[in-house]
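S.K.: If you scroll down you'll find the structure; I have some questions about it.
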Amino acid sequence: MVNNKIFTTEDGSHSMFSQKHGVSYHSKHGAIQETEHVFIQAGFHHQLPSSSLSILDIGFGTGLNAYMTYLEAEKQKVKVNYMGIEAFPITLDAAEKLNFSELLQQDNSVFQNLHILSWGESHSISEYFTFEKRQTRFEYLDFKEQFDVIYFDAFAPNAQPELWEENILQNMFDALKPNGVLTTYCAKGVVKRTFKKVGFTIEAIPGPPGKREMTRALKI
Ligand SMILES: C[S@@+](CC[C@H](N)C(=O)[O-])C[C@H]1O[C@@H](n2cnc3c(N)ncnc32)[C@H](O)[C@@H]1O
């Protein structure tokens with residue numbers, strides 16, 4: 001378990017700074033804004049209308065992507081099967097201090113549950129949200145055509161270049177169903193070229209506040 005320092009981003013929501021990797025978990029311009037823009041709007045909403053979606057979250061971290069997806073699943077009445085992957089979970093103490101549910105004007109219990117629930121098992125959180133988290137490294141993933149959406153939220157290529165290499169992006173491509181979509185905040189040229197190399201069709205779309213571009217990668 002890692003006990004990283006919590007800080008407040010510009011939209012008032014918390015994020016964490018990873019001592020191990022020397023980077024923050026979210027944009028300093030706003031953690032909630034970033035998740036809403038990069039993953040909920042550009043990823044989840046791209047696959048609507050649909051009555052169900054399976055979503056792979058590459059970097060469960062603070063649980064913000066998972067939590068906001070749960071809220072969106074309830075709002076849109078879409079049945080979501082969610083899988084979060086994380087090698088270095090944060091402590092329960094740290095999770096208790098995060099202010100996401102307060103800012104999103106929600107009761108804190110579901111958010112806390114995402115952290116408390118056991119790893120490696122499927123949990124029914126609500127009629128619309130089934131959740132599993134696995135404590136493993138991204139490098140070991142071996143899914144085949146299982147997901148409609150991937151949130152690729154690893155630390156940036158300058159912090160963890162090995163997680164943006166061809167073999168990892170190939171695993172992401174293989175994990176998606178045909179017509180699946182991957183979104184990431186990263187818009188680096190070399191990363192976009194690697195996405196193309198493994199078979200994705202790339203869209204460079206406007207990024208969240210503070211970022212000109214982000215990437216949406218389609219498995220067409
Ligand atoms: C940018 S942060 C994710 C932010 C997260 N989506 C959130 O909302 O808090 C990247 C995450 O990847 C995790 N991570 C780093 N290297 C990893 C690896 N090799 N395998 C699995 N997880 C890793 C980090 O611990 C961190 O939680």
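Residue numbering restarts at 1 for every chain of the structure tokens, chains are lettered A, B, ... in their displayed order, and ligands are numbered from 1 as they appear.
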Check which residues of segment 105-219 of chain A sit at most 6 Å from segment 59-70 of chain A using only C-alpha atoms, and return one row each with the closest pair of atoms and their distance in Å to one decimal, ordered by chain and rising number, as a tab-separated table.
M.R.:
residue	atom	partner	partner_atom	distance
A:Phe129	CA	A:Tyr70	CA	6.0
A:Asp153	CA	A:Gly59	CA	5.4
A:Ala154	CA	A:Gly59	CA	5.6
S.K.: Limited to C-alpha atoms, could you put the picked residues into a file as a PDB file, in the first residue's frame?
M.R.:
ATOM      1  CA  PHE A 129     -22.692  -1.198 -11.687  1.00  0.00           C
ATOM      2  CA  ASP A 153      -4.678   6.302 -17.261  1.00  0.00           C
ATOM      3  CA  ALA A 154      -1.082   5.236 -16.589  1.00  0.00           C
TER       4      ALA A 154
END
S.K.: List the spatial neighbours of segment 167-177 of chain A as an mmCIF file with C-alpha atoms, in the first residue's frame - criterion: any atom at most 9 Å away, only C-alpha atoms, same-chain residues fewer than 3 positions off excluded.
M.R.:
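Everything below was put into out.cif:
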data_model
loop_
_atom_site.group_PDB
_atom_site.id
_atom_site.type_symbol
_atom_site.label_atom_id
_atom_site.label_comp_id
_atom_site.auth_asym_id
_atom_site.auth_seq_id
_atom_site.Cartn_x
_atom_site.Cartn_y
_atom_site.Cartn_z
ATOM 1 C CA LEU A 56 -11.274 -1.598 -18.233
ATOM 2 C CA PHE A 138 -0.439 -3.694 -16.484
ATOM 3 C CA GLU A 139 2.397 -5.640 -18.109
ATOM 4 C CA LEU A 141 -2.740 -8.285 -18.698
ATOM 5 C CA ASP A 142 -3.959 -10.807 -21.208
ATOM 6 C CA PHE A 143 -7.592 -10.044 -22.097
ATOM 7 C CA LYS A 144 -9.083 -10.962 -25.460
ATOM 8 C CA GLU A 145 -11.913 -8.889 -26.969
ATOM 9 C CA GLN A 146 -13.561 -8.353 -23.600
ATOM 10 C CA PHE A 147 -14.057 -4.594 -23.230
ATOM 11 C CA ASP A 148 -16.059 -1.865 -24.980
ATOM 12 C CA VAL A 149 -14.045 0.916 -23.374
ATOM 13 C CA ILE A 150 -10.531 1.246 -21.965
ATOM 14 C CA PHE A 152 -5.773 4.258 -20.277
ATOM 15 C CA GLU A 162 7.747 1.235 -20.406
ATOM 16 C CA LEU A 163 3.933 1.418 -20.032
ATOM 17 C CA TRP A 164 3.488 3.194 -23.392
ATOM 18 C CA GLY A 180 -14.193 -0.621 -28.842
ATOM 19 C CA VAL A 181 -12.597 2.665 -27.814
ATOM 20 C CA LEU A 182 -9.601 3.649 -25.680
ATOM 21 C CA THR A 194 2.556 3.430 -31.532
ATOM 22 C CA PHE A 195 -1.249 3.297 -31.201
ATOM 23 C CA LYS A 197 1.225 0.710 -35.362
ATOM 24 C CA VAL A 198 -0.718 -1.827 -33.262
ATOM 25 C CA GLY A 199 -3.897 -1.241 -35.298
ATOM 26 C CA PHE A 200 -5.823 1.658 -33.737
ATOM 27 C CA LEU A 218 -10.684 3.281 -32.026
ATOM 28 C CA LYS A 219 -10.556 -0.418 -32.845
#
S.K.: Can you tell me which residues surround Gln105 of chain A at a distance of at most 12 Å, considering only C-alpha atoms, apart from same-chain residues fewer than 6 positions away, and format the answer as a ChimeraX atom specification?
M.R.: /A:68,71,99,111
S.K.: Under the rule that only C-alpha atoms are counted, which of A:Ser51, A:Asn113, A:Gln41, A:Ser18 is the nearest residue to Ser126 of chain A?
M.R.: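 The shortest atom-to-atom distance to Ser126 of chain A comes from A:Asn113.
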S.K.: Given the choices A:Ala42, A:Leu103, A:Ala95, A:Leu117, which gets closest to Arg216 of chain A if the distance is worked out from only C-alpha atoms?
M.R.: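 Of all the options, A:Ala42 lies closest to Arg216 of chain A.
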S.K.: Hey, which of A:Gln33, A:Asn158, A:Ser118, A:Ser15 ends up closest to ligand 1? Count only C-alpha atoms and all ligand atoms.
M.R.: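 So, comparing all the options, the nearest one is A:Ser15.
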